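Shown next: start05.tsv, containing TSV, C-alpha atoms.
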```tsv
chain	number	residue	atom	x	y	z
U	231	MET	CA	142.73	79.94	63.67
U	232	PRO	CA	146.02	80.99	65.07
U	233	ALA	CA	146.29	80.68	68.81
U	234	SER	CA	148.85	83.40	69.23
U	235	LYS	CA	148.46	86.07	71.80
U	236	ASN	CA	148.42	88.83	69.14
U	237	THR	CA	145.07	87.67	67.65
U	238	HIS	CA	143.26	87.98	70.97
U	239	ASP	CA	144.75	91.32	71.97
U	240	SER	CA	142.05	93.49	70.55
U	241	PHE	CA	138.38	93.17	69.76
U	242	ASP	CA	139.02	93.65	66.05
U	243	ASP	CA	141.33	90.68	65.99
U	244	VAL	CA	138.75	88.49	67.71
U	245	PHE	CA	136.04	89.62	65.31
U	246	ASP	CA	138.27	88.91	62.32
U	247	ALA	CA	138.98	85.44	63.66
U	248	PHE	CA	135.26	84.61	63.96
U	249	ALA	CA	134.61	86.02	60.50
U	250	ALA	CA	137.33	83.77	59.10
U	251	LEU	CA	135.74	80.74	60.77
U	252	GLU	CA	132.34	81.42	59.22
U	253	GLY	CA	133.86	81.99	55.85
U	254	ASP	CA	135.45	78.55	55.96
U	255	GLY	CA	134.10	76.26	53.21
U	256	ALA	CA	133.26	73.23	55.33
U	257	ALA	CA	131.31	75.12	57.93
U	258	GLY	CA	129.64	77.29	55.33
U	259	ASP	CA	128.22	74.36	53.41
U	260	SER	CA	126.59	72.86	56.45
U	261	THR	CA	124.90	76.16	57.40
U	262	GLN	CA	123.65	76.68	53.88
U	263	ALA	CA	122.31	73.17	53.69
U	264	SER	CA	120.44	73.52	56.97
U	265	ALA	CA	119.05	76.89	55.88
U	266	SER	CA	117.71	75.44	52.66
U	267	ARG	CA	116.10	72.53	54.48
U	268	ARG	CA	114.15	74.76	56.83
U	269	ARG	CA	110.87	75.91	55.61
U	270	PRO	CA	110.32	79.66	55.60
U	271	ARG	CA	108.48	81.16	58.56
U	272	THR	CA	105.34	82.99	57.82
U	273	ARG	CA	103.31	84.96	60.32
U	274	ARG	CA	99.68	84.23	60.66
U	275	GLY	CA	97.07	86.86	61.45
U	276	GLY	CA	98.52	89.80	59.60
U	277	PRO	CA	100.87	92.42	60.91
U	278	ARG	CA	101.32	92.60	64.62
U	279	THR	CA	99.73	95.64	66.22
U	280	PRO	CA	100.07	96.79	69.79
U	281	LEU	CA	96.33	96.38	70.30
U	282	PRO	CA	96.58	95.12	73.89
U	283	LEU	CA	98.83	98.10	74.67
U	284	LEU	CA	96.45	100.76	73.32
U	285	PRO	CA	94.38	101.06	76.54
U	286	ILE	CA	97.55	101.34	78.60
U	287	ILE	CA	98.96	103.96	76.23
U	288	GLY	CA	95.65	105.85	76.38
U	289	ILE	CA	95.59	105.77	80.18
U	290	CYS	CA	99.19	106.96	80.37
U	291	ALA	CA	98.46	109.77	77.91
U	292	GLY	CA	95.36	110.77	79.91
U	293	ILE	CA	97.34	110.83	83.15
U	294	GLY	CA	100.04	112.90	81.47
U	295	ILE	CA	97.54	115.41	80.09
U	296	ALA	CA	95.76	115.64	83.46
U	297	TYR	CA	99.09	116.21	85.23
U	298	VAL	CA	100.12	118.97	82.83
U	299	SER	CA	96.68	120.57	83.08
U	300	GLN	CA	96.72	120.45	86.87
U	301	THR	CA	100.25	121.87	86.99
U	302	ALA	CA	99.25	124.72	84.66
U	303	HIS	CA	96.16	125.44	86.77
U	304	LEU	CA	98.23	125.42	89.95
U	305	THR	CA	100.78	127.78	88.42
U	306	GLN	CA	98.04	130.16	87.31
U	307	ALA	CA	96.42	130.04	90.76
U	308	THR	CA	99.79	130.79	92.35
U	309	TYR	CA	100.26	133.84	90.12
U	310	GLN	CA	96.77	135.05	90.98
U	311	ALA	CA	97.38	134.51	94.71
U	312	ASN	CA	100.61	136.50	94.50
U	313	ALA	CA	98.91	139.31	92.61
U	314	LEU	CA	96.09	139.40	95.16
U	315	ALA	CA	98.61	139.45	98.02
U	316	VAL	CA	100.37	142.44	96.44
U	317	GLU	CA	97.04	144.19	95.93
U	318	GLN	CA	96.06	143.45	99.55
U	319	ARG	CA	99.31	144.98	100.83
U	320	GLN	CA	98.70	148.08	98.69
U	321	LEU	CA	95.12	148.39	99.98
U	322	GLN	CA	96.26	147.96	103.58
U	323	SER	CA	98.85	150.68	103.08
U	324	GLN	CA	96.22	152.94	101.53
U	325	ALA	CA	93.81	152.20	104.41
U	326	GLN	CA	96.50	153.12	106.95
U	327	GLN	CA	97.19	156.35	105.10
U	328	LEU	CA	93.46	157.20	104.99
U	329	ASP	CA	93.10	156.39	108.70
U	330	ALA	CA	96.00	158.73	109.48
U	331	ASP	CA	94.42	161.46	107.32
U	332	LEU	CA	91.05	160.95	109.03
U	333	ALA	CA	92.62	161.16	112.48
U	334	ARG	CA	94.42	164.35	111.47
U	335	LEU	CA	91.20	165.87	110.10
U	336	ARG	CA	89.21	164.90	113.21
U	337	SER	CA	91.70	166.39	115.65
U	338	SER	CA	90.19	169.11	117.80
U	339	ALA	CA	93.27	171.31	117.42
U	340	ARG	CA	92.80	171.41	113.64
U	341	ILE	CA	89.08	172.13	113.98
U	342	ASP	CA	89.79	174.96	116.44
U	343	ALA	CA	92.43	176.43	114.12
U	344	ALA	CA	90.08	176.22	111.10
U	345	ALA	CA	87.24	177.87	113.09
U	346	GLN	CA	89.49	180.71	114.23
U	347	GLN	CA	90.68	181.16	110.63
U	348	MET	CA	87.04	181.65	109.57
U	349	GLY	CA	86.56	184.26	112.28
U	350	MET	CA	84.81	182.17	114.90
U	351	LYS	CA	85.64	182.65	118.54
U	352	PRO	CA	85.04	180.42	121.54
U	353	PRO	CA	81.98	181.46	123.55
U	354	GLY	CA	82.54	183.69	126.56
U	355	LYS	CA	79.80	182.05	128.55
U	356	TRP	CA	78.50	178.49	128.18
U	357	ALA	CA	74.77	177.95	128.07
U	358	TYR	CA	73.02	174.64	128.62
U	359	VAL	CA	69.52	173.78	127.47
U	360	THR	CA	67.46	171.37	129.51
U	361	ALA	CA	64.62	169.28	128.14
U	362	SER	CA	61.11	169.82	129.46
U	363	GLY	CA	59.51	167.08	131.50
U	364	VAL	CA	56.20	167.22	129.60
U	365	PRO	CA	55.60	164.11	127.46
U	366	VAL	CA	54.70	164.55	123.82
U	367	SER	CA	51.09	163.70	123.08
U	368	VAL	CA	49.79	162.36	119.79
U	369	PRO	CA	46.37	163.63	118.72
U	370	THR	CA	43.75	160.95	118.24
U	371	ALA	CA	42.46	160.30	114.75
U	372	PRO	CA	38.99	161.62	114.01
U	373	VAL	CA	36.42	159.09	112.98
U	374	THR	CA	35.68	159.52	109.30
U	375	ALA	CA	32.65	158.22	107.48
U	376	ASP	CA	33.35	155.52	104.95
U	377	THR	CA	32.25	156.84	101.55
U	378	THR	CA	32.90	153.65	99.61
U	379	GLY	CA	30.20	151.59	101.21
U	380	ALA	CA	31.19	148.13	102.52
U	381	GLY	CA	34.63	148.84	103.94
U	382	GLY	CA	36.40	149.98	100.75
U	383	ASP	CA	39.89	149.18	99.65
U	384	PRO	CA	42.21	148.03	102.46
U	385	MET	CA	44.95	150.34	101.16
U	386	GLN	CA	42.65	153.38	101.43
U	387	ARG	CA	41.70	152.40	104.96
U	388	LEU	CA	45.38	152.12	105.87
U	389	VAL	CA	46.16	155.54	104.37
U	390	ALA	CA	43.17	157.08	106.18
U	391	ALA	CA	44.22	155.52	109.48
U	392	LEU	CA	47.81	156.66	109.09
U	393	SER	CA	46.89	160.19	108.05
U	394	GLY	CA	44.75	160.52	111.14
U	395	THR	CA	47.44	159.07	113.37
U	396	PHE	CA	50.28	161.19	112.13
U	397	GLY	CA	48.32	164.40	111.80
U	398	PRO	CA	45.97	165.93	109.28
U	399	SER	CA	46.54	165.04	105.68
U	400	GLU	CA	47.83	167.68	103.29
U	401	ALA	CA	44.42	168.00	101.62
U	402	GLN	CA	42.71	168.65	104.94
U	403	ALA	CA	45.43	171.12	105.98
U	404	ALA	CA	45.10	173.02	102.71
U	405	GLY	CA	41.27	173.19	103.03
U	406	ARG	CA	41.21	174.74	106.52
```
For this file, write the structure as structure tokens.
Amino acid sequence: MPASKNTHDSFDDVFDAFAALEGDGAAGDSTQASASRRRPRTRRGGPRTPLPLLPIIGICAGIGIAYVSQTAHLTQATYQANALAVEQRQLQSQAQQLDADLARLRSSARIDAAAQQMGMKPPGKWAYVTASGVPVSVPTAPVTADTTGAGGDPMQRLVAALSGTFGPSEAQAAGR
């Protein structure tokens, strides 16, 4: 191998120098002899599979799928929240508009103008009605004979009691 500076200047020159050394007859015979003396390596147990890694791969895949699913759900929920916020602003605006319309319709000036348009006039003299001081009396229910015998149906008794309390029944009023 030449020891000149030109051989070591570039990577290609260094590679060529090593290739020349391996191609040398003396070194080549010793490597071939040692290769023939070694017995060939055979693997036992069949092809190597990543069996111990399968649970880890499964867990990582599950975490990845859960993350993507959660991110998609969060994105969808964000879109729904934004849509609901827009709808809420529209409804609030509509409610404000309806409140303004209601206030305008309830104004006494508008009611007075509408009444005058229909030909109504304000009264010339105000009149007040006072309530009488006599209390309202409820007539007592007449005692009726039970026609069913031993007390009858509770619903019929209730209807009879209520009709007497609140006044004569329609059948009695029509018969008189």
What is the distance, in Å and to one decimal place, between CA of Gln346 in chain U and CA of Thr360 in chain U?
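Computing it gives 28.4 Å between the two atoms.
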How far is it from CA of Gln324 in chain U to CA of Ala343 in chain U, in Å with one decimal?
26.9 Å
One decimal, in Å: what's the spacing between CA of Val316 in chain U and CA of Leu328 in chain U?
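Between CA of Val316 in chain U and CA of Leu328 in chain U the gap works out to 18.4 Å.
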